[in-house]
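Coordinates as given in data-v9.txt (compact mmCIF, C-alpha atoms and all ligand atoms):
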# COMPACT_ATOMS: atom_id res chain seq x y z
CA MET E 11 37.53 8.61 -77.95
CA ASN E 12 40.37 7.39 -75.77
CA ILE E 13 40.64 6.10 -72.26
CA GLY E 14 43.37 7.98 -70.41
CA PHE E 15 45.73 6.17 -68.06
CA PHE E 16 48.01 8.09 -65.77
CA ASP E 17 50.84 7.10 -63.45
CA SER E 18 53.96 8.73 -62.02
CA GLY E 19 55.89 6.35 -64.29
CA ILE E 20 55.68 2.88 -65.73
CA GLY E 21 53.79 1.26 -62.82
CA GLY E 22 50.40 2.01 -64.34
CA LEU E 23 51.36 -0.19 -67.29
CA SER E 24 50.60 -3.10 -64.95
CA VAL E 25 47.01 -1.82 -64.83
CA LEU E 26 46.84 -1.04 -68.53
CA ARG E 27 47.99 -4.62 -69.16
CA GLU E 28 44.78 -5.87 -67.51
CA ALA E 29 42.70 -3.35 -69.44
CA LEU E 30 44.16 -4.52 -72.75
CA THR E 31 43.13 -8.08 -71.88
CA LEU E 32 39.60 -7.22 -70.78
CA LEU E 33 38.91 -4.27 -73.11
CA PRO E 34 41.05 -4.90 -76.21
CA ASN E 35 38.94 -2.80 -78.55
CA GLU E 36 39.40 0.51 -76.75
CA ASN E 37 41.95 3.17 -77.68
CA TYR E 38 44.24 4.21 -74.87
CA ILE E 39 46.57 7.09 -74.05
CA TYR E 40 49.08 6.20 -71.35
CA TYR E 41 50.85 9.05 -69.59
CA ALA E 42 53.97 8.19 -67.56
CA ASP E 43 55.37 11.13 -65.62
CA SER E 44 58.74 9.40 -65.37
CA ASP E 45 60.75 12.66 -65.37
CA ASN E 46 59.08 13.50 -62.05
CA ALA E 47 58.94 10.00 -60.51
CA PRO E 48 58.95 8.96 -57.76
CA TYR E 49 55.80 10.63 -56.46
CA GLY E 50 55.69 8.64 -53.24
CA THR E 51 58.41 10.68 -51.55
CA LYS E 52 56.93 14.07 -52.56
CA THR E 53 54.37 16.19 -50.73
CA LYS E 54 50.66 15.91 -51.41
CA GLU E 55 50.62 19.39 -52.97
CA GLU E 56 53.49 18.56 -55.34
CA VAL E 57 51.80 15.33 -56.44
CA LYS E 58 48.48 17.10 -56.92
CA LYS E 59 50.06 19.74 -59.15
CA LEU E 60 51.95 17.19 -61.27
CA THR E 61 48.80 15.09 -61.64
CA PHE E 62 46.72 18.07 -62.73
CA ASP E 63 49.37 19.06 -65.30
CA ALA E 64 49.30 15.57 -66.80
CA VAL E 65 45.52 15.31 -66.83
CA LYS E 66 45.31 18.65 -68.63
CA LEU E 67 47.24 17.13 -71.52
CA LEU E 68 45.08 13.98 -71.51
CA ASP E 69 41.95 16.14 -71.53
CA GLU E 70 43.30 18.09 -74.52
CA ARG E 71 43.79 14.77 -76.36
CA LYS E 72 40.09 14.00 -75.73
CA ILE E 73 39.44 11.21 -73.28
CA LYS E 74 36.10 9.67 -72.34
CA ALA E 75 37.33 8.30 -69.00
CA LEU E 76 40.46 8.53 -66.89
CA VAL E 77 42.16 5.85 -64.82
CA ILE E 78 44.54 7.23 -62.22
CA ALA E 79 46.69 4.09 -62.30
CA CYS E 80 48.63 5.28 -59.29
CA ASN E 81 47.64 4.89 -55.65
CA THR E 82 49.74 7.90 -54.66
CA ALA E 83 48.23 10.31 -57.20
CA THR E 84 44.77 8.97 -56.37
CA SER E 85 45.15 9.79 -52.70
CA ALA E 86 46.51 13.25 -53.48
CA ALA E 87 44.22 14.36 -56.31
CA VAL E 88 41.24 12.17 -57.20
CA ARG E 89 38.63 14.15 -55.30
CA ASP E 90 39.70 17.47 -56.86
CA LEU E 91 39.97 15.95 -60.35
CA ARG E 92 36.36 14.75 -60.12
CA GLU E 93 35.27 18.29 -59.27
CA VAL E 94 37.06 19.80 -62.25
CA TYR E 95 36.50 17.29 -65.05
CA GLY E 96 33.28 15.97 -66.54
CA PHE E 97 34.57 12.52 -67.57
CA PRO E 98 34.54 9.62 -65.09
CA VAL E 99 37.72 9.40 -63.01
CA ILE E 100 38.62 5.95 -61.70
CA GLY E 101 41.13 5.91 -58.87
CA MET E 102 43.06 3.19 -57.08
CA GLU E 103 43.51 2.25 -53.46
CA PRO E 104 45.36 -0.62 -51.78
CA ALA E 105 43.26 -3.80 -51.58
CA VAL E 106 42.95 -3.64 -47.78
CA LYS E 107 39.34 -4.81 -47.61
CA PRO E 108 39.73 -8.23 -49.31
CA ALA E 109 43.01 -8.82 -47.48
CA VAL E 110 41.49 -8.12 -44.07
CA GLU E 111 38.41 -10.23 -44.86
CA LYS E 112 40.62 -13.12 -45.84
CA ASN E 113 42.86 -12.99 -42.77
CA ASN E 114 40.47 -11.88 -40.04
CA ASN E 115 39.62 -15.35 -38.86
CA GLY E 116 42.84 -17.07 -39.83
CA GLY E 117 45.01 -15.45 -37.19
CA LYS E 118 47.43 -13.99 -39.73
CA ARG E 119 48.28 -10.35 -40.33
CA VAL E 120 48.22 -8.21 -43.50
CA LEU E 121 51.20 -6.29 -44.82
CA VAL E 122 50.52 -3.34 -47.13
CA LEU E 123 53.41 -2.35 -49.35
CA ALA E 124 52.85 1.16 -50.75
CA THR E 125 54.54 4.53 -51.06
CA ALA E 126 55.22 6.69 -48.02
CA LEU E 127 52.73 9.29 -49.26
CA THR E 128 49.93 6.76 -49.84
CA LEU E 129 50.44 5.29 -46.38
CA LYS E 130 50.34 8.60 -44.56
CA GLU E 131 47.44 10.13 -46.52
CA GLU E 132 43.97 10.49 -45.03
CA LYS E 133 42.43 8.29 -47.75
CA PHE E 134 44.47 5.27 -46.70
CA GLN E 135 44.11 5.97 -42.99
CA ASN E 136 40.32 6.10 -43.45
CA LEU E 137 40.37 2.86 -45.41
CA VAL E 138 42.25 1.13 -42.61
CA SER E 139 40.00 2.48 -39.87
CA ARG E 140 36.93 1.39 -41.86
CA PHE E 141 37.97 -2.20 -42.44
CA ASP E 142 40.69 -3.09 -39.95
CA ALA E 143 38.69 -3.39 -36.74
CA GLY E 144 40.99 -6.13 -35.47
CA HIS E 145 44.19 -4.09 -36.09
CA ILE E 146 45.83 -6.72 -38.23
CA VAL E 147 47.19 -4.36 -40.91
CA ASP E 148 50.84 -3.27 -40.98
CA MET E 149 52.40 -0.86 -43.48
CA LEU E 150 55.68 -0.84 -45.31
CA PRO E 151 56.99 1.75 -47.79
CA ALA E 152 59.32 0.46 -50.54
CA PRO E 153 60.62 3.55 -52.38
CA LYS E 154 63.56 1.81 -54.02
CA LEU E 155 61.28 -0.57 -55.93
CA VAL E 156 59.88 2.45 -57.77
CA GLU E 157 63.42 3.56 -58.61
CA PHE E 158 64.40 0.07 -59.84
CA ALA E 159 61.26 -0.11 -61.99
CA GLU E 160 61.94 3.24 -63.63
CA LYS E 161 65.33 1.81 -64.66
CA TYR E 162 63.59 -1.36 -65.98
CA ILE E 163 65.25 -3.50 -63.32
CA PHE E 164 62.63 -5.98 -62.11
CA SER E 165 64.79 -8.82 -60.81
CA GLY E 166 68.37 -9.71 -59.95
CA PRO E 167 70.56 -9.52 -56.86
CA ASP E 168 70.02 -5.82 -56.05
CA VAL E 169 66.25 -6.20 -56.13
CA SER E 170 66.28 -9.41 -54.04
CA GLU E 171 68.66 -7.90 -51.52
CA TYR E 172 66.49 -4.80 -51.14
CA ILE E 173 63.32 -6.87 -50.69
CA LYS E 174 65.02 -9.02 -48.04
CA GLU E 175 66.31 -5.90 -46.31
CA ILE E 176 62.90 -4.24 -45.96
CA MET E 177 60.72 -7.28 -45.21
CA PRO E 178 59.90 -7.62 -41.50
CA GLN E 179 61.83 -10.31 -39.64
CA ASN E 180 58.67 -11.95 -38.40
CA ILE E 181 57.34 -12.36 -41.95
CA ASN E 182 55.62 -15.65 -41.02
CA GLN E 183 52.93 -13.80 -39.11
CA TYR E 184 51.52 -12.48 -42.42
CA GLY E 185 48.89 -14.20 -44.55
CA THR E 186 48.66 -11.59 -47.32
CA LEU E 187 50.94 -9.03 -48.90
CA VAL E 188 48.99 -6.20 -50.51
CA LEU E 189 50.72 -4.43 -53.38
CA GLY E 190 49.45 -0.90 -52.86
CA CYS E 191 51.53 0.75 -55.55
CA THR E 192 51.15 0.01 -59.24
CA HIS E 193 54.90 -0.30 -59.70
CA PHE E 194 55.03 -3.29 -57.37
CA PRO E 195 53.22 -5.96 -59.47
CA LEU E 196 56.20 -5.60 -61.83
CA PHE E 197 58.22 -7.30 -59.05
CA ARG E 198 55.78 -10.14 -58.41
CA GLU E 199 58.32 -12.85 -59.22
CA ALA E 200 61.08 -11.29 -57.14
CA LEU E 201 58.65 -10.85 -54.24
CA GLU E 202 57.39 -14.43 -54.52
CA GLU E 203 60.97 -15.67 -54.35
CA SER E 204 61.75 -13.61 -51.26
CA ILE E 205 58.78 -14.38 -49.00
CA PRO E 206 57.29 -17.67 -47.75
CA LYS E 207 55.11 -19.45 -50.30
CA ASN E 208 52.02 -19.48 -48.08
CA ILE E 209 51.74 -15.67 -48.12
CA ASP E 210 49.49 -14.61 -50.97
CA ILE E 211 50.23 -11.48 -52.92
CA ILE E 212 47.33 -9.35 -54.12
CA ASP E 213 46.98 -6.13 -56.05
CA GLY E 214 44.04 -3.96 -57.08
CA ASN E 215 44.65 -4.02 -60.83
CA LYS E 216 41.91 -6.36 -61.96
CA GLY E 217 39.40 -4.80 -59.57
CA THR E 218 40.21 -1.37 -60.99
CA VAL E 219 39.70 -2.53 -64.57
CA ASN E 220 36.42 -4.24 -63.65
CA HIS E 221 35.33 -0.97 -62.08
CA LEU E 222 36.33 0.85 -65.27
CA ILE E 223 34.20 -1.59 -67.29
CA ASP E 224 31.18 -0.97 -65.05
CA ILE E 225 31.59 2.80 -65.34
CA LEU E 226 31.95 2.66 -69.13
CA LYS E 227 28.87 0.42 -69.38
CA ASN E 228 26.76 2.58 -67.09
CA ASN E 229 27.68 5.71 -69.02
CA ASP E 230 27.22 4.08 -72.41
CA LEU E 231 30.87 4.71 -73.22
CA LEU E 232 32.08 1.24 -74.22
CA SER E 233 33.69 1.10 -77.65
CA GLN E 234 31.41 -0.38 -80.30
CA SER E 235 34.35 -1.32 -82.51
CA ASN E 236 35.34 -4.93 -83.05
CA GLN E 237 38.85 -3.92 -84.11
CA LYS E 238 41.82 -4.06 -81.78
CA GLY E 239 42.43 -0.58 -80.35
CA SER E 240 45.64 1.44 -80.15
CA VAL E 241 47.87 2.64 -77.33
CA THR E 242 49.63 6.01 -77.51
CA PHE E 243 52.26 6.85 -74.92
CA TYR E 244 53.29 10.15 -73.40
CA LYS E 245 56.24 10.62 -71.11
CA SER E 246 56.10 13.79 -68.99
CA GLY E 247 54.27 15.79 -71.65
CA VAL E 248 55.98 14.45 -74.77
CA GLU E 249 54.67 11.72 -77.04
CA VAL E 250 56.97 8.70 -76.91
CA LYS E 251 58.30 7.82 -80.32
CA ASP E 252 61.76 6.39 -79.64
CA HIS E 253 62.01 2.66 -80.17
CA ILE E 254 63.88 1.79 -77.00
CA THR E 255 61.26 3.29 -74.69
CA LEU E 256 58.42 1.93 -76.81
CA SER E 257 59.84 -1.57 -76.78
CA ASN E 258 60.37 -1.39 -72.99
CA TYR E 259 56.75 -0.35 -72.53
CA GLU E 260 55.53 -3.06 -74.89
CA LYS E 261 57.56 -5.72 -73.10
CA ILE E 262 55.76 -4.81 -69.88
CA LEU E 263 52.38 -4.69 -71.59
CA TYR E 264 52.51 -7.70 -73.83
CA GLY E 265 54.83 -9.96 -71.86
CA SER E 266 58.39 -10.81 -71.13
CA SER E 267 59.81 -13.65 -69.12
CA ALA E 268 60.66 -11.30 -66.24
CA LEU E 269 57.03 -10.39 -65.66
N1 LIG Z 1 52.87 3.91 -59.02
C1 LIG Z 1 52.60 4.72 -57.92
C2 LIG Z 1 51.54 4.22 -56.97
O1 LIG Z 1 50.74 3.39 -57.34
C3 LIG Z 1 53.63 5.60 -57.29
C4 LIG Z 1 55.08 5.35 -57.42
C5 LIG Z 1 55.89 6.59 -57.12
O2 LIG Z 1 56.03 7.40 -58.04
O3 LIG Z 1 56.38 6.73 -55.99
O4 LIG Z 1 51.46 4.65 -55.85
In structure tokens, what does this structure look like?
Ligand code: DGL
Amino acid sequence: MNIGFFDSGIGGLSVLREALTLLPNENYIYYADSDNAPYGTKTKEEVKKLTFDAVKLLDERKIKALVIACNTATSAAVRDLREVYGFPVIGMEPAVKPAVEKNNNGGKRVLVLATALTLKEEKFQNLVSRFDAGHIVDMLPAPKLVEFAEKYIFSGPDVSEYIKEIMPQNINQYGTLVLGCTHFPLFREALEESIPKNIDIIDGNKGTVNHLIDILKNNDLLSQSNQKGSVTFYKSGVEVKDHITLSNYEKILYGSSAL
């Protein structure tokens, strides 16, 4: 059986990349809803509907677990998905807790970069009120990064200019930048070049895959095969077979100098 991965587009490939390293013998189906991306500027109801449509297809292709490799879709739909489906559903949320723990005593603030919908949703607001007692967390949406990513533009003058434009002027007050959208780790190099070196950049990808491993273990669902598994891709309901898209996906998954 497969492990399903879902994202509004290609951002979730940054999570699948970790999964392929830590769980190479599993078979994966990756669903990118690129025709409907970005999700972050849509309403919660729209995102929920699109997510349910995609998961229906993944369920029909038989999955043993599902990773919602999208913070936005997680905040809009994860609770309802868990009520409907019998397989484990692993969601994502911005890594606020480790960032706050790290900066609480150091006098620096935390900047969470995520989509507008993630930032305004109850799930994120609850996360912040739970862990940010000292009010050191600030939020910043970055919708254009999602658009750049969907065009496979991860670096260059337009990206750098946009990052410089949105970053707060008093950037030196931050100790950690949290990447709260799975599209954003694809811009790690461009971000590193645009902010001071002493700000660390964290994402929740590895934590999510470790959580997936625990869930698979606890449910006795880990693959017993010692062969390398496969990855099948779907783009908004259609299996991806064209070479250009496949090679773009593979570049993100298996490495390219830009990433
Ligand atoms: N990759 C998504 C996330 O983690 C959303 C990007 C979008 O479609 O706006 O939130």
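Nearest to Pro98 (chain E) of all the residues E:Leu67, E:Ile205, E:Val57, E:Leu226 is E:Leu226, based on only C-alpha atoms.
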Enumerate residues in contact with ligand LIG 1 (chain Z): an atom-to-atom distance of at most 10 Å, counting only C-alpha atoms and all ligand atoms. Format the result as a VMD selection string. chain E and resid 16 to 25 42 to 44 46 to 52 57 78 to 85 102 to 104 123 to 129 151 to 157 159 to 160 189 to 195 214
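Distance annotation: of E:Pro34, E:Leu263, E:Gln179, E:Glu131, the residue with the minimal separation from Glu55 (chain E) is E:Glu131; atom set is only C-alpha atoms.
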Using Å and a single decimal, report how far CA of Gln135 (chain E) sits from CA of Asn208 (chain E). 27.1 Å
Which residue gives the smallest distance to Ile73 (chain E) among E:Gly96, E:Gly166, E:Gly116, E:Gly144, with only C-alpha atoms counted? E:Gly96
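Counting only C-alpha atoms, the residue from E:Ile173, E:Met11, E:Ile39, E:Ile211 that sits nearest to Pro108 (chain E) is E:Ile211.
The smallest atom-to-atom distance between Asn37 (chain E) and any of E:Ala75, E:Val188, E:Leu91, E:Ala64, using all atoms listed in the file, is found for E:Ala75.
Note that CA of Val147 (chain E) and CA of Asn113 (chain E) are 9.8 Å apart.
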Please determine an axis-aligned box that encloses all atoms of region 65-68 of chain E listed in the file, with 3 Å added on each side, and express its centre and edge lengths in Å to one decimal as lines of an AutoDock Vina configuration file.
center_x = 46.2
center_y = 16.3
center_z = -69.2
size_x = 8.2
size_y = 10.7
size_z = 10.7
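Nearest-residue note for Leu196 (chain E): choosing from E:Tyr162, E:Tyr95, E:Tyr172, E:Phe243, the minimum distance belongs to E:Tyr162, counting only C-alpha atoms.
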